[in-house]
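Undergrad: File work.txt below, compact mmCIF, C-alpha atoms:
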```txt
# COMPACT_ATOMS: atom_id res chain seq x y z
CA MET A 61 -5.53 -20.94 5.85
CA ASN A 62 -6.33 -18.97 9.00
CA CYS A 63 -4.63 -15.61 8.74
CA PRO A 64 -4.61 -13.07 11.55
CA THR A 65 -7.39 -10.59 10.98
CA VAL A 66 -7.33 -6.85 11.20
CA SER A 67 -9.12 -7.34 14.51
CA ASP A 68 -6.09 -9.21 15.83
CA TYR A 69 -3.87 -6.29 14.84
CA TYR A 70 -5.96 -3.70 16.62
CA ILE A 71 -6.53 -5.83 19.71
CA ASP A 72 -2.72 -5.78 19.97
CA LEU A 73 -2.98 -1.99 20.29
CA GLU A 74 -4.39 -2.54 23.77
CA TYR A 75 -1.15 -4.29 24.74
CA ILE A 76 1.17 -1.81 23.06
CA ILE A 77 -0.65 1.44 23.78
CA PRO A 78 -2.91 0.78 26.80
CA GLU A 79 -4.38 4.27 26.77
CA VAL A 80 -6.22 3.62 23.47
CA ASN A 81 -9.04 1.90 25.30
CA LEU A 82 -9.22 3.90 28.54
CA MET A 83 -12.39 5.81 27.72
CA SER A 84 -14.57 3.04 26.32
CA GLY A 85 -12.83 -0.12 27.43
CA LYS A 86 -12.67 -1.20 23.76
CA SER A 87 -9.96 -1.11 21.12
CA PRO A 88 -10.34 1.36 18.25
CA TRP A 89 -10.85 -1.50 15.78
CA ARG A 90 -13.69 -2.96 17.88
CA ILE A 91 -15.44 0.40 18.05
CA PHE A 92 -14.92 0.99 14.33
CA SER A 93 -16.12 -2.50 13.34
CA GLU A 94 -19.23 -2.18 15.52
CA GLU A 95 -20.08 1.24 14.13
CA CYS A 96 -19.10 0.56 10.51
CA ARG A 97 -19.63 -3.19 10.16
CA GLY A 98 -19.90 -3.16 6.34
CA VAL A 99 -16.69 -1.18 5.88
CA ALA A 100 -14.81 -3.38 8.37
CA ASP A 101 -16.06 -6.57 6.70
CA ALA A 102 -15.14 -5.22 3.25
CA PHE A 103 -11.64 -4.34 4.47
CA GLN A 104 -11.11 -7.82 5.89
CA GLN A 105 -12.32 -9.36 2.61
CA LEU A 106 -9.92 -7.11 0.69
CA MET A 107 -7.03 -8.35 2.83
CA LYS A 108 -7.96 -11.97 2.02
CA GLU A 109 -8.28 -11.24 -1.70
CA ALA A 110 -4.94 -9.40 -1.77
CA ASN A 111 -3.27 -12.75 -1.04
CA PHE A 112 -5.20 -14.44 -3.87
CA GLY A 113 -6.78 -16.96 -1.54
CA GLY A 114 -3.57 -17.83 0.29
CA ILE A 115 -1.01 -18.04 -2.54
CA LEU A 116 1.67 -16.79 -0.14
CA ASP A 117 2.28 -19.05 2.81
CA GLU A 118 1.63 -17.39 6.17
CA LYS A 119 5.28 -16.96 7.16
CA THR A 120 6.12 -15.28 3.83
CA ARG A 121 3.07 -13.03 4.03
CA LEU A 122 4.02 -11.92 7.54
CA LEU A 123 7.67 -11.31 6.60
CA ILE A 124 6.50 -9.05 3.77
CA LEU A 125 4.31 -7.15 6.23
CA VAL A 126 7.30 -6.81 8.59
CA GLY A 127 9.24 -5.21 5.72
CA ILE A 128 6.36 -2.91 4.83
CA PHE A 129 5.79 -1.68 8.37
CA SER A 130 9.51 -1.32 8.93
CA THR A 131 9.62 0.99 5.93
CA VAL A 132 6.63 3.12 6.93
CA ARG A 133 7.84 3.22 10.55
CA ASP A 134 4.57 2.11 12.16
CA PRO A 135 5.74 0.80 15.55
CA VAL A 136 2.37 -0.67 16.52
CA ALA A 137 1.98 -2.68 13.33
CA LEU A 138 5.68 -3.58 13.24
CA ARG A 139 5.58 -4.95 16.79
CA HIS A 140 2.46 -6.94 15.96
CA PHE A 141 3.79 -8.44 12.73
CA VAL A 142 7.25 -9.23 14.16
CA GLY A 143 5.49 -11.24 16.86
CA GLU A 144 3.18 -12.91 14.33
CA ALA A 145 6.14 -13.80 12.09
CA PHE A 146 7.83 -15.54 15.01
CA LYS A 147 4.59 -17.39 15.78
CA ALA A 148 4.43 -18.49 12.13
CA GLY A 149 7.86 -20.08 12.46
CA ALA A 150 10.16 -17.38 11.13
CA SER A 151 13.65 -17.39 12.58
CA LYS A 152 15.19 -14.31 14.14
CA ARG A 153 17.49 -13.97 11.09
CA GLU A 154 14.53 -14.16 8.69
CA VAL A 155 12.72 -11.40 10.56
CA GLU A 156 15.90 -9.32 10.66
CA ALA A 157 16.28 -9.77 6.90
CA ALA A 158 12.69 -8.61 6.38
CA VAL A 159 13.47 -5.47 8.37
CA LEU A 160 16.78 -4.85 6.60
CA LEU A 161 15.67 -5.40 2.99
CA PRO A 162 13.90 -2.02 2.81
CA PHE A 163 17.03 -0.44 4.31
CA SER A 164 17.63 1.39 1.04
CA VAL A 165 14.95 3.88 2.09
CA GLY A 166 17.14 4.87 5.02
CA VAL A 167 18.57 3.70 8.30
CA SER A 168 15.38 4.77 10.05
CA SER A 169 13.57 1.59 8.99
CA ALA A 170 16.13 -0.69 10.62
CA GLU A 171 16.64 1.45 13.69
CA LEU A 172 13.04 0.76 14.67
CA GLY A 173 12.85 -2.89 13.64
CA ILE A 174 16.02 -4.39 15.07
CA PRO A 175 15.28 -3.39 18.71
CA LEU A 176 11.76 -4.85 18.40
CA ILE A 177 13.15 -8.11 17.05
CA VAL A 178 15.62 -8.31 19.93
CA GLU A 179 12.83 -7.67 22.46
CA ILE A 180 10.17 -9.93 20.97
CA GLY A 181 12.51 -12.64 19.71
CA GLN A 182 14.45 -13.32 22.89
CA GLY A 183 15.42 -16.95 22.93
CA LYS A 184 14.75 -17.45 19.21
CA SER A 185 17.58 -18.35 16.86
```
What is this structure when it is put down as structure tokens?
TA:
Amino acid sequence: MNCPTVSDYYIDLEYIIPEVNLMSGKSPWRIFSEECRGVADAFQQLMKEANFGGILDEKTRLLILVGIFSTVRDPVALRHFVGEAFKAGASKREVEAAVLLPFSVGVSSAELGIPLIVEIGQGKS
């Protein structure tokens, strides 16, 4: 199973927050992974192991990450994983459910996620 890597997530930073790469022309993850290759490789291996070799299908894994990043209110990661969930075949309603399930921690999680779903999921049912 080919899962998006941490590199994919941080490359997305360049799209979401263009100023992150103004000084060096590189994303923070690229700089970090070049300077700290062993740590970056170990982190990517940890992410693979956390899914026990792919026990969760990709769509489910991404929907869980949407719920997590909705809860912690990380707009960069949330935008990335909403888009990846759509690419993995999740419907708009499935992504909305992933955002709303952690709603018990407060309205703030949904207030960030729903507008991103509307923006990224235009034309999806």
Undergrad: Of the residues A:Ser93, A:Ile115, A:Gly85, A:Gly173, which is the one nearest to A:Ala137, using only C-alpha atoms?
TA: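 So, comparing all the options, the nearest one is A:Gly173.
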Undergrad: For A:Glu144, which residue among A:Leu116, A:Leu161, A:Leu125, A:Val132 is the nearest when counting all atoms listed in the file?
TA: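 Of the candidates, the smallest distance to A:Glu144 is held by A:Leu125.
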Undergrad: Kindly give the distance, in Å, that separates atom CA of A:Gly127 and atom CA of A:Glu154, rounded to a single decimal.
TA: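 These atoms are spaced 10.8 Å apart.
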Undergrad: Skip A:Val142 itself and residues of its chain fewer than 2 positions away, then list as a ChimeraX atom specification all residues within 12 Å of it, counting all atoms listed in the file.
TA: /A:69,119,121-130,134-140,144-159,172-181
Undergrad: So the first atom is atom CA of A:Gln105 and the second is atom CA of A:Trp89; what is the distance between them in Å, to one decimal place?
TA: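 Atom-to-atom, atom CA of A:Gln105 to atom CA of A:Trp89, that is 15.4 Å.
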Undergrad: What gap, in Å, lies between atom CA of A:Phe112 and atom CA of A:Pro88?
TA: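 Value for the atom CA of A:Phe112-atom CA of A:Pro88 distance: 27.7 Å.
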